[in-house]
file final-v3.pdb (PDB, C-alpha atoms)
ATOM      1  CA  MET A 201      12.681 -35.458   7.178
ATOM      2  CA  TRP A 202      10.296 -33.902   4.655
ATOM      3  CA  GLU A 203       8.191 -32.329   7.344
ATOM      4  CA  SER A 204      11.186 -30.485   8.773
ATOM      5  CA  PHE A 205      13.014 -29.763   5.500
ATOM      6  CA  GLY A 206      10.824 -29.895   2.394
ATOM      7  CA  PHE A 207       7.703 -28.092   3.592
ATOM      8  CA  GLU A 208       9.530 -25.172   5.183
ATOM      9  CA  PHE A 209      12.232 -25.009   2.511
ATOM     10  CA  VAL A 210       9.899 -24.892  -0.490
ATOM     11  CA  ASN A 211       7.204 -22.649   0.979
ATOM     12  CA  PHE A 212       9.314 -20.046   2.743
ATOM     13  CA  TYR A 213      12.614 -20.051   0.858
ATOM     14  CA  PHE A 214      12.564 -21.697  -2.575
ATOM     15  CA  VAL A 215       9.283 -20.307  -3.968
ATOM     16  CA  PRO A 216       9.901 -16.786  -2.573
ATOM     17  CA  GLY A 217      13.403 -16.988  -4.048
ATOM     18  CA  ILE A 218      11.983 -17.793  -7.495
ATOM     19  CA  VAL A 219       9.454 -14.953  -7.163
ATOM     20  CA  LEU A 220      12.121 -12.474  -6.093
ATOM     21  CA  GLY A 221      14.348 -13.723  -8.903
ATOM     22  CA  CYS A 222      11.575 -13.066 -11.436
ATOM     23  CA  ILE A 223      11.305  -9.457 -10.239
ATOM     24  CA  TYR A 224      15.078  -9.027 -10.393
ATOM     25  CA  ALA A 225      15.121 -10.567 -13.867
ATOM     26  CA  LEU A 226      12.604  -8.104 -15.304
ATOM     27  CA  GLY A 227      14.437  -5.159 -13.789
ATOM     28  CA  ALA A 228      17.816  -6.450 -14.957
ATOM     29  CA  ILE A 229      16.573  -6.757 -18.555
ATOM     30  CA  GLY A 230      16.185  -2.984 -18.820
ATOM     31  CA  ILE A 231      19.550  -2.389 -17.149
ATOM     32  CA  THR A 232      21.436  -4.813 -19.391
ATOM     33  CA  LEU A 233      19.829  -3.440 -22.571
ATOM     34  CA  THR A 234      20.644   0.136 -21.573
ATOM     35  CA  PHE A 235      24.190  -0.830 -20.633
ATOM     36  CA  GLY A 236      24.671  -2.860 -23.786
ATOM     37  CA  ILE A 237      23.240  -0.347 -26.277
ATOM     38  CA  LEU A 238      23.735   3.096 -24.706
ATOM     39  CA  ARG A 239      26.936   2.123 -22.838
ATOM     40  CA  PHE A 240      26.102   3.546 -19.420
ATOM     41  CA  ALA A 241      24.681   2.405 -16.100
ATOM     42  CA  ASN A 242      21.193   3.851 -15.667
ATOM     43  CA  PHE A 243      20.868   4.446 -11.927
ATOM     44  CA  ALA A 244      17.370   5.882 -12.449
ATOM     45  CA  HIS A 245      16.007   2.498 -13.542
ATOM     46  CA  GLY A 246      14.924   1.499 -10.041
ATOM     47  CA  GLU A 247      13.058   4.776  -9.594
ATOM     48  CA  VAL A 248      11.174   4.158 -12.844
ATOM     49  CA  MET A 249      10.118   0.787 -11.420
ATOM     50  CA  MET A 250       8.891   2.489  -8.272
ATOM     51  CA  THR A 251       7.105   5.295 -10.141
ATOM     52  CA  GLY A 252       5.380   2.807 -12.438
ATOM     53  CA  ALA A 253       4.005   1.012  -9.381
ATOM     54  CA  TYR A 254       2.748   4.304  -7.903
ATOM     55  CA  VAL A 255       1.038   5.272 -11.164
ATOM     56  CA  THR A 256      -0.561   1.819 -11.366
ATOM     57  CA  TRP A 257      -1.881   2.196  -7.816
ATOM     58  CA  THR A 258      -3.265   5.645  -8.697
ATOM     59  CA  ILE A 259      -5.141   4.245 -11.684
ATOM     60  CA  MET A 260      -6.545   1.464  -9.497
ATOM     61  CA  ALA A 261      -7.619   4.001  -6.864
ATOM     62  CA  LEU A 262      -9.270   6.276  -9.446
ATOM     63  CA  THR A 263     -11.279   3.467 -11.025
ATOM     64  CA  GLY A 264     -12.292   2.299  -7.560
ATOM     65  CA  ALA A 265     -13.503   5.778  -6.618
ATOM     66  CA  LEU A 266     -15.314   6.412  -9.915
ATOM     67  CA  PHE A 267     -16.862   3.009 -10.629
ATOM     68  CA  GLY A 268     -16.869   1.266  -7.262
ATOM     69  CA  TRP A 269     -14.419  -1.422  -8.368
ATOM     70  CA  ALA A 270     -10.680  -1.230  -8.885
ATOM     71  CA  LEU A 271      -8.871  -2.516 -11.936
ATOM     72  CA  HIS A 272      -6.632  -5.530 -11.585
ATOM     73  CA  PRO A 273      -2.972  -4.436 -11.170
ATOM     74  CA  LEU A 274      -1.999  -6.019 -14.506
ATOM     75  CA  ILE A 275      -4.742  -4.091 -16.332
ATOM     76  CA  ALA A 276      -3.932  -0.846 -14.544
ATOM     77  CA  ALA A 277      -0.257  -1.348 -15.407
ATOM     78  CA  ILE A 278      -0.947  -1.009 -19.157
ATOM     79  CA  PRO A 279      -1.537   2.787 -19.188
ATOM     80  CA  SER A 280       1.247   3.081 -16.624
ATOM     81  CA  VAL A 281       3.653   1.467 -19.100
ATOM     82  CA  PHE A 282       2.840   4.069 -21.762
ATOM     83  CA  LEU A 283       3.268   6.906 -19.275
ATOM     84  CA  MET A 284       6.648   5.644 -18.052
ATOM     85  CA  ILE A 285       7.856   5.115 -21.625
ATOM     86  CA  LEU A 286       6.988   8.765 -22.245
ATOM     87  CA  VAL A 287       8.981   9.686 -19.135
ATOM     88  CA  PHE A 288      11.925   7.690 -20.499
ATOM     89  CA  PHE A 289      11.721   9.567 -23.815
ATOM     90  CA  VAL A 290      11.683  12.953 -22.080
ATOM     91  CA  VAL A 291      14.564  12.040 -19.782
ATOM     92  CA  ASP A 292      16.598  10.687 -22.692
ATOM     93  CA  ARG A 293      15.949  13.727 -24.869
ATOM     94  CA  PHE A 294      16.862  16.386 -22.308
ATOM     95  CA  PHE A 295      19.223  14.645 -19.876
ATOM     96  CA  TYR A 296      20.950  11.733 -21.639
ATOM     97  CA  LYS A 297      21.134  12.638 -25.331
ATOM     98  CA  PRO A 298      23.338  15.739 -24.778
ATOM     99  CA  PHE A 299      25.943  13.384 -23.270
ATOM    100  CA  ARG A 300      25.912  10.754 -26.049
ATOM    101  CA  LYS A 301      29.479  11.615 -27.149
ATOM    102  CA  ALA A 302      30.690  12.714 -23.724
ATOM    103  CA  PRO A 303      32.738  10.537 -21.343
ATOM    104  CA  THR A 304      30.639   7.823 -19.751
ATOM    105  CA  ILE A 305      31.017   9.226 -16.253
ATOM    106  CA  LYS A 306      29.000  12.315 -17.224
ATOM    107  CA  VAL A 307      25.924  10.390 -18.346
ATOM    108  CA  VAL A 308      26.247   8.102 -15.320
ATOM    109  CA  MET A 309      26.169  11.136 -13.028
ATOM    110  CA  ALA A 310      23.205  12.481 -15.020
ATOM    111  CA  SER A 311      21.341   9.220 -14.399
ATOM    112  CA  PHE A 312      22.211   9.388 -10.694
ATOM    113  CA  GLY A 313      20.842  12.918 -10.527
ATOM    114  CA  MET A 314      17.720  11.828 -12.393
ATOM    115  CA  MET A 315      17.239   9.068  -9.837
ATOM    116  CA  LEU A 316      17.121  11.667  -7.043
ATOM    117  CA  VAL A 317      14.843  13.955  -9.057
ATOM    118  CA  ILE A 318      12.309  11.207  -9.789
ATOM    119  CA  ARG A 319      12.259  10.039  -6.178
ATOM    120  CA  SER A 320      11.736  13.600  -4.927
ATOM    121  CA  LEU A 321       8.883  14.139  -7.381
ATOM    122  CA  VAL A 322       7.206  10.930  -6.208
ATOM    123  CA  GLN A 323       7.545  12.043  -2.592
ATOM    124  CA  ILE A 324       5.979  15.391  -3.474
ATOM    125  CA  LEU A 325       3.068  13.871  -5.425
ATOM    126  CA  TRP A 326       2.282  10.826  -3.264
ATOM    127  CA  GLY A 327       3.992  11.651   0.022
ATOM    128  CA  PRO A 328       6.873   9.882   1.802
ATOM    129  CA  ASN A 329       4.712   7.419   3.757
ATOM    130  CA  GLN A 330       3.991   3.827   2.842
ATOM    131  CA  ILE A 331       0.847   3.097   0.829
ATOM    132  CA  THR A 332      -1.037  -0.191   0.786
ATOM    133  CA  PHE A 333      -0.982  -1.483  -2.780
ATOM    134  CA  VAL A 334      -3.499  -4.341  -2.438
ATOM    135  CA  LYS A 335      -5.599  -4.643   0.685
ATOM    136  CA  GLY A 336      -6.245  -7.899   2.495
ATOM    137  CA  ILE A 337      -4.265 -11.063   3.108
ATOM    138  CA  ALA A 338      -3.333 -13.262   0.170
ATOM    139  CA  LYS A 339      -4.684 -16.730   0.914
ATOM    140  CA  PRO A 340      -2.293 -19.374  -0.414
ATOM    141  CA  ASN A 341      -3.355 -22.340  -2.504
ATOM    142  CA  SER A 342      -2.458 -25.593  -0.799
ATOM    143  CA  PHE A 343      -1.191 -28.660  -2.625
ATOM    144  CA  ILE A 344      -1.202 -31.815  -0.508
ATOM    145  CA  ARG A 345       0.347 -35.134  -1.375
ATOM    146  CA  GLU A 346       0.338 -38.140   0.935
ATOM    147  CA  LEU A 347       3.736 -39.673   1.361
ATOM    148  CA  THR A 348       3.626 -42.212   4.133
ATOM    149  CA  GLY A 349       0.972 -42.782   6.721
ATOM    150  CA  SER A 350       0.454 -39.520   8.570
ATOM    151  CA  MET A 351       3.163 -37.528   6.768
ATOM    152  CA  ASP A 352       1.833 -35.077   4.193
ATOM    153  CA  MET A 353       3.512 -32.623   1.867
ATOM    154  CA  MET A 354       1.868 -29.217   1.607
ATOM    155  CA  ILE A 355       3.061 -26.640  -0.879
ATOM    156  CA  LEU A 356       1.460 -23.259  -0.177
ATOM    157  CA  VAL A 357       1.609 -20.805  -3.084
ATOM    158  CA  PRO A 358      -0.599 -17.683  -3.123
ATOM    159  CA  ASN A 359      -2.159 -16.494  -6.371
ATOM    160  CA  LYS A 360       0.096 -13.445  -6.451
ATOM    161  CA  HIS A 361       3.156 -15.695  -6.761
ATOM    162  CA  PHE A 362       1.576 -17.593  -9.645
ATOM    163  CA  LEU A 363       0.810 -14.216 -11.220
ATOM    164  CA  ILE A 364       4.393 -12.986 -10.865
ATOM    165  CA  MET A 365       6.001 -16.189 -12.145
ATOM    166  CA  GLY A 366       3.537 -16.632 -15.007
ATOM    167  CA  GLY A 367       3.736 -12.966 -15.988
ATOM    168  CA  THR A 368       7.531 -13.121 -16.060
ATOM    169  CA  VAL A 369       7.487 -16.180 -18.319
ATOM    170  CA  VAL A 370       5.116 -14.432 -20.760
ATOM    171  CA  ILE A 371       7.190 -11.228 -20.825
ATOM    172  CA  VAL A 372      10.446 -13.131 -21.375
ATOM    173  CA  MET A 373       8.871 -15.132 -24.211
ATOM    174  CA  LEU A 374       7.624 -11.924 -25.870
ATOM    175  CA  LEU A 375      11.052 -10.373 -25.449
ATOM    176  CA  GLY A 376      12.692 -13.421 -27.000
ATOM    177  CA  TYR A 377      10.378 -13.195 -30.001
ATOM    178  CA  LEU A 378      11.069  -9.466 -30.346
ATOM    179  CA  LEU A 379      14.848  -9.858 -30.284
ATOM    180  CA  THR A 380      14.963 -12.963 -32.484
ATOM    181  CA  TYR A 381      12.343 -12.510 -35.192
ATOM    182  CA  THR A 382      11.575  -8.800 -35.560
ATOM    183  CA  ARG A 383      13.560  -6.260 -37.525
ATOM    184  CA  ILE A 384      13.912  -3.849 -34.622
ATOM    185  CA  GLY A 385      15.031  -6.674 -32.337
ATOM    186  CA  LYS A 386      17.778  -7.683 -34.748
ATOM    187  CA  ALA A 387      18.802  -4.030 -35.011
ATOM    188  CA  MET A 388      19.005  -3.815 -31.212
ATOM    189  CA  ARG A 389      21.299  -6.830 -31.119
ATOM    190  CA  ALA A 390      23.438  -5.351 -33.895
ATOM    191  CA  VAL A 391      23.828  -2.012 -32.094
ATOM    192  CA  SER A 392      24.680  -3.849 -28.886
ATOM    193  CA  ASP A 393      27.453  -5.742 -30.681
ATOM    194  CA  SER A 394      28.914  -2.735 -32.541
ATOM    195  CA  PRO A 395      27.203   0.683 -32.737
ATOM    196  CA  ASP A 396      29.640   2.015 -35.353
ATOM    197  CA  LEU A 397      29.253  -0.998 -37.626
ATOM    198  CA  ALA A 398      25.469  -0.878 -37.224
ATOM    199  CA  LEU A 399      25.472   2.794 -38.221
ATOM    200  CA  VAL A 400      27.564   2.027 -41.331
ATOM    201  CA  THR A 401      25.119  -0.696 -42.406
ATOM    202  CA  GLY A 402      22.243   1.807 -42.356
ATOM    203  CA  ILE A 403      20.655   1.088 -38.969
ATOM    204  CA  ASP A 404      19.093   4.171 -37.383
ATOM    205  CA  VAL A 405      20.687   4.114 -33.942
ATOM    206  CA  GLU A 406      18.255   6.687 -32.531
ATOM    207  CA  VAL A 407      15.315   4.424 -33.437
ATOM    208  CA  VAL A 408      17.075   1.559 -31.701
ATOM    209  CA  ILE A 409      17.633   3.724 -28.623
ATOM    210  CA  ARG A 410      13.934   4.588 -28.503
ATOM    211  CA  ALA A 411      13.064   0.902 -28.817
ATOM    212  CA  THR A 412      15.440   0.181 -25.941
ATOM    213  CA  TRP A 413      13.643   2.686 -23.738
ATOM    214  CA  ILE A 414      10.290   1.148 -24.690
ATOM    215  CA  VAL A 415      11.373  -2.387 -23.803
ATOM    216  CA  GLY A 416      13.212  -1.251 -20.680
ATOM    217  CA  GLY A 417      10.291   0.887 -19.529
ATOM    218  CA  ALA A 418       7.757  -1.907 -20.004
ATOM    219  CA  CYS A 419       9.918  -4.396 -18.096
ATOM    220  CA  ALA A 420      10.593  -1.834 -15.348
ATOM    221  CA  VAL A 421       6.892  -1.151 -14.792
ATOM    222  CA  ALA A 422       6.149  -4.884 -14.755
ATOM    223  CA  ALA A 423       8.915  -5.431 -12.191
ATOM    224  CA  GLY A 424       7.657  -2.564 -10.029
ATOM    225  CA  VAL A 425       4.039  -3.765 -10.125
ATOM    226  CA  PHE A 426       5.096  -7.345  -9.367
ATOM    227  CA  LEU A 427       7.203  -6.148  -6.437
ATOM    228  CA  ALA A 428       4.342  -4.065  -5.037
ATOM    229  CA  THR A 429       1.973  -7.006  -5.516
ATOM    230  CA  ASP A 430       4.368  -9.276  -3.635
ATOM    231  CA  ILE A 431       5.062  -7.026  -0.632
ATOM    232  CA  GLN A 432       1.559  -5.432  -0.880
ATOM    233  CA  MET A 433       2.778  -1.896  -0.262
ATOM    234  CA  LEU A 434       4.465   1.065  -1.904
ATOM    235  CA  GLU A 435       7.344   3.123  -0.578
ATOM    236  CA  THR A 436       9.633   5.631  -2.208
ATOM    237  CA  THR A 437      12.830   3.670  -1.531
ATOM    238  CA  MET A 438      11.669   0.346  -2.977
ATOM    239  CA  GLY A 439      13.277   1.014  -6.358
ATOM    240  CA  PHE A 440      16.607   2.031  -4.882
ATOM    241  CA  ARG A 441      16.742  -1.123  -2.738
ATOM    242  CA  MET A 442      16.272  -3.231  -5.858
ATOM    243  CA  LEU A 443      18.971  -1.429  -7.833
ATOM    244  CA  LEU A 444      22.051  -3.284  -6.555
ATOM    245  CA  PRO A 445      20.579  -6.811  -6.944
ATOM    246  CA  MET A 446      19.413  -5.931 -10.468
ATOM    247  CA  PHE A 447      22.876  -4.694 -11.424
ATOM    248  CA  ALA A 448      24.321  -7.851  -9.882
ATOM    249  CA  ALA A 449      21.920  -9.945 -11.978
ATOM    250  CA  ALA A 450      22.857  -8.074 -15.178
ATOM    251  CA  ILE A 451      26.593  -8.510 -14.507
ATOM    252  CA  LEU A 452      26.176 -12.151 -13.523
ATOM    253  CA  GLY A 453      24.318 -12.981 -16.733
ATOM    254  CA  GLY A 454      26.492 -10.815 -18.976
ATOM    255  CA  ILE A 455      26.063  -7.175 -19.970
ATOM    256  CA  GLY A 456      23.935  -6.837 -23.095
ATOM    257  CA  LYS A 457      22.503 -10.367 -22.788
ATOM    258  CA  PRO A 458      18.771 -10.276 -21.877
ATOM    259  CA  TYR A 459      18.579 -14.025 -21.304
ATOM    260  CA  GLY A 460      21.635 -13.718 -19.110
ATOM    261  CA  ALA A 461      19.818 -11.053 -17.091
ATOM    262  CA  VAL A 462      16.913 -13.461 -16.574
ATOM    263  CA  LEU A 463      19.223 -16.243 -15.402
ATOM    264  CA  GLY A 464      21.192 -13.822 -13.257
ATOM    265  CA  GLY A 465      18.009 -12.519 -11.638
ATOM    266  CA  LEU A 466      16.863 -16.022 -10.728
ATOM    267  CA  VAL A 467      20.279 -16.902  -9.302
ATOM    268  CA  ILE A 468      20.468 -13.701  -7.226
ATOM    269  CA  GLY A 469      16.889 -14.095  -5.959
ATOM    270  CA  LEU A 470      17.433 -17.705  -4.922
ATOM    271  CA  ALA A 471      20.817 -16.933  -3.380
ATOM    272  CA  GLU A 472      19.362 -14.142  -1.249
ATOM    273  CA  GLU A 473      16.483 -16.233   0.058
ATOM    274  CA  LEU A 474      18.414 -19.473   0.545
ATOM    275  CA  SER A 475      21.223 -17.668   2.384
ATOM    276  CA  SER A 476      18.902 -17.225   5.375
ATOM    277  CA  TYR A 477      17.814 -20.879   5.486
ATOM    278  CA  PRO A 478      19.065 -22.846   8.546
ATOM    279  CA  TRP A 479      21.223 -25.277   6.623
ATOM    280  CA  ILE A 480      23.148 -26.205   9.781
ATOM    281  CA  GLY A 481      21.221 -26.378  13.025
ATOM    282  CA  ASP A 482      18.256 -24.118  13.775
ATOM    283  CA  ALA A 483      19.918 -20.727  13.211
ATOM    284  CA  PRO A 484      19.833 -19.050   9.774
ATOM    285  CA  LEU A 485      23.012 -19.380   7.751
ATOM    286  CA  LEU A 486      22.983 -15.585   7.388
ATOM    287  CA  SER A 487      20.756 -13.032   9.037
ATOM    288  CA  PRO A 488      18.002 -11.827   6.646
ATOM    289  CA  GLY A 489      19.430  -8.337   7.091
ATOM    290  CA  TYR A 490      22.468  -9.365   5.058
ATOM    291  CA  LYS A 491      20.530 -10.450   1.952
ATOM    292  CA  SER A 492      21.660  -7.435  -0.048
ATOM    293  CA  GLY A 493      25.229  -8.303   0.856
ATOM    294  CA  VAL A 494      24.770 -11.663  -0.874
ATOM    295  CA  ALA A 495      23.955  -9.956  -4.187
ATOM    296  CA  PHE A 496      26.903  -7.597  -3.769
ATOM    297  CA  SER A 497      29.259 -10.495  -2.988
ATOM    298  CA  ILE A 498      28.147 -12.454  -6.049
ATOM    299  CA  MET A 499      28.633  -9.372  -8.220
ATOM    300  CA  ILE A 500      32.167  -8.760  -6.916
ATOM    301  CA  VAL A 501      33.170 -12.409  -7.350
ATOM    302  CA  MET A 502      31.811 -12.461 -10.896
ATOM    303  CA  LEU A 503      33.675  -9.253 -11.795
ATOM    304  CA  ILE A 504      36.905 -10.814 -10.557
ATOM    305  CA  VAL A 505      36.497 -14.349 -11.890
ATOM    306  CA  ARG A 506      34.488 -13.828 -15.091
ATOM    307  CA  PRO A 507      33.861 -10.162 -15.949
ATOM    308  CA  SER A 508      31.950 -11.082 -19.116
ATOM    309  CA  GLY A 509      29.314 -12.998 -17.110
ATOM    310  CA  ILE A 510      27.770 -16.399 -17.692
ATOM    311  CA  PHE A 511      26.636 -15.559 -21.239
ATOM    312  CA  LYS A 512      29.891 -13.766 -22.126
ATOM    313  CA  GLY A 513      28.476 -10.274 -22.415
ATOM    314  CA  ARG A 514      30.335  -7.039 -23.042
ATOM    315  CA  THR A 515      33.142  -5.784 -20.831
ATOM    316  CA  PHE A 516      34.080  -2.113 -20.656
TER     317      PHE A 516
END
call {"tool": "encode", "arguments": {"input": "final-v3.pdb", "output": "structure tokens"}}
result
Amino acid sequence: MWESFGFEFVNFYFVPGIVLGCIYALGAIGITLTFGILRFANFAHGEVMMTGAYVTWTIMALTGALFGWALHPLIAAIPSVFLMILVFFVVDRFFYKPFRKAPTIKVVMASFGMMLVIRSLVQILWGPNQITFVKGIAKPNSFIRELTGSMDMMILVPNKHFLIMGGTVVIVMLLGYLLTYTRIGKAMRAVSDSPDLALVTGIDVEVVIRATWIVGGACAVAAGVFLATDIQMLETTMGFRMLLPMFAAAILGGIGKPYGAVLGGLVIGLAEELSSYPWIGDAPLLSPGYKSGVAFSIMIVMLIVRPSGIFKGRTF
């Protein structure tokens, strides 16, 4: 039973589902913070993820050409984070800030236009073709446990999956500390609950907005680098493909609730991967081509049944 169920299930469905959920979770954190504090859906968030991965690859390629060895993706991602935060500041100053008091639909359309602009710029700078992010084949670590006689259990997890899961845990812990114990984190939570009341109590909303872009940009770059590390390639549509599942994760967890976004990302990631497992017979329950439909279905059901999400976030 284990040989036919456990080995295949854990290695090819459960662990990849957790890894994909971690990537969704990091992306959804930026979306839920933006939605909760600035009150609009930032459709350009996926493109920032993608651009951060491209910049990280460029830094790795430059160090490889200059010094003969390439930086590790996590090290190369650090300057990429600062660059993408700067991009967020510029975009907010010239494209989002003029619409602060305007109807929400205007800033949403501005973010949609920015999504297309960023993707076009990436295609101009790096080209429309796929780029190999990390060369070679990731050799998995094997964990073997004898069960009975000749039946063994082997869990195969490559280092990149440990990196993604461990990195996500560290980022979420740092985010939790920021929001719980720091002054700016408490201000972010206050603005998310009531911007007008926060302004009356003396909180500088513009400072909070900048902090939101910093946190969202850092999480977006991490998600983009983790995604590129997992699939081992870069393409200009990778951010757009992640956008719907990340929105689904944010809505599932509750708008404005970062921990809800993490839980929602894990649920969406697992649901997408497990939906293609052959639960009955040898055929997949759903074709892998319908994975994105799973995220969309969960989002629609949650909007109908519990619009506030699992953690009772904001509803608009």
call {"tool": "closest_residue", "arguments": {"input": "final-v3.pdb", "among": "A:Arg293, A:Gly268, A:Val317, A:Ile229", "to": "Val372 (chain A)", "atoms": "all atoms listed in the file"}}
result
A:Ile229
call {"tool": "resolve_selection", "arguments": {"input": "final-v3.pdb", "expression": "the PyMOL selection byres ((chain A and resi 384-387) around 12)", "output": "PyMOL selection string"}}
result
chain A and resi 233+237+374-383+388-395+397-399+401-412+414-415+458
call {"tool": "atom_distance", "arguments": {"input": "final-v3.pdb", "atom1": "CA of Met284 (chain A)", "atom2": "CA of Phe362 (chain A)"}}
result
25.2 Å
call {"tool": "resolve_selection", "arguments": {"input": "final-v3.pdb", "expression": "the PyMOL selection byres ((chain A and resi 491-497) around 7)", "output": "list in words"}}
result
Pro445, Ala448, Ile468, Glu472, Pro488, Gly489, Tyr490, Ile498, Met499, Ile500 and Val501 of chain A
call {"tool": "residues_around", "arguments": {"input": "final-v3.pdb", "residues": "Thr436 (chain A)", "least_positions_apart": "2", "cutoff": "8 Å", "atoms": "all atoms listed in the file", "output": "list in words"}}
result
Met250, Arg319, Val322, Gln323, Pro328, Asn329, Gln330, Leu434, Met438 and Gly439 of chain A
call {"tool": "closest_residue", "arguments": {"input": "final-v3.pdb", "among": "A:Leu452, A:Gly327, A:Ile285, A:Val462", "to": "Ile504 (chain A)", "atoms": "all atoms listed in the file"}}
result
A:Leu452
call {"tool": "axis_aligned_box", "arguments": {"input": "final-v3.pdb", "around": "region 462-477 of chain A", "padding_each_side": "5 Å", "output": "lines of an AutoDock Vina configuration file"}}
result
center_x = 18.9
center_y = -16.7
center_z = -5.5
size_x = 14.7
size_y = 18.4
size_z = 32.1
call {"tool": "decode", "arguments": {"input": "final-v3.pdb", "residues": "region 213-229 of chain A", "atoms": "N, CA and C atoms", "output": "CSV table (one decimal), in the first residue's frame"}}
result
chain,number,residue,atom,x,y,z
A,213,TYR,N,3.4,15.0,-5.2
A,213,TYR,CA,2.2,15.7,-5.0
A,213,TYR,C,2.2,16.6,-3.7
A,214,PHE,N,2.5,15.9,-2.6
A,214,PHE,CA,2.4,16.6,-1.3
A,214,PHE,C,3.5,17.7,-1.1
A,215,VAL,N,4.8,17.2,-1.3
A,215,VAL,CA,5.9,18.1,-1.1
A,215,VAL,C,5.9,19.2,-2.2
A,216,PRO,N,5.7,18.9,-3.5
A,216,PRO,CA,5.5,20.0,-4.4
A,216,PRO,C,4.4,21.0,-4.1
A,217,GLY,N,3.3,20.4,-3.6
A,217,GLY,CA,2.2,21.3,-3.2
A,217,GLY,C,2.6,22.2,-2.1
A,218,ILE,N,3.3,21.8,-1.1
A,218,ILE,CA,3.8,22.7,0.0
A,218,ILE,C,4.7,23.7,-0.6
A,219,VAL,N,5.6,23.3,-1.5
A,219,VAL,CA,6.6,24.3,-2.1
A,219,VAL,C,5.8,25.3,-2.9
A,220,LEU,N,4.9,24.9,-3.7
A,220,LEU,CA,4.1,25.8,-4.5
A,220,LEU,C,3.3,26.7,-3.6
A,221,GLY,N,2.8,26.2,-2.5
A,221,GLY,CA,2.0,27.0,-1.5
A,221,GLY,C,2.9,28.0,-0.8
A,222,CYS,N,4.1,27.7,-0.6
A,222,CYS,CA,5.1,28.7,0.0
A,222,CYS,C,5.3,29.9,-0.9
A,223,ILE,N,5.4,29.6,-2.2
A,223,ILE,CA,5.6,30.7,-3.2
A,223,ILE,C,4.3,31.5,-3.3
A,224,TYR,N,3.2,30.9,-3.3
A,224,TYR,CA,1.9,31.6,-3.3
A,224,TYR,C,1.8,32.5,-2.1
A,225,ALA,N,2.2,31.9,-1.0
A,225,ALA,CA,2.0,32.6,0.3
A,225,ALA,C,2.8,33.9,0.3
A,226,LEU,N,4.1,33.9,-0.2
A,226,LEU,CA,4.9,35.1,-0.2
A,226,LEU,C,4.3,36.1,-1.1
A,227,GLY,N,3.8,35.7,-2.3
A,227,GLY,CA,3.2,36.6,-3.2
A,227,GLY,C,2.0,37.2,-2.7
A,228,ALA,N,1.2,36.4,-2.0
A,228,ALA,CA,-0.1,36.8,-1.5
A,228,ALA,C,0.0,37.8,-0.3
A,229,ILE,N,1.2,37.7,0.4
A,229,ILE,CA,1.4,38.7,1.5
A,229,ILE,C,1.4,40.1,1.0
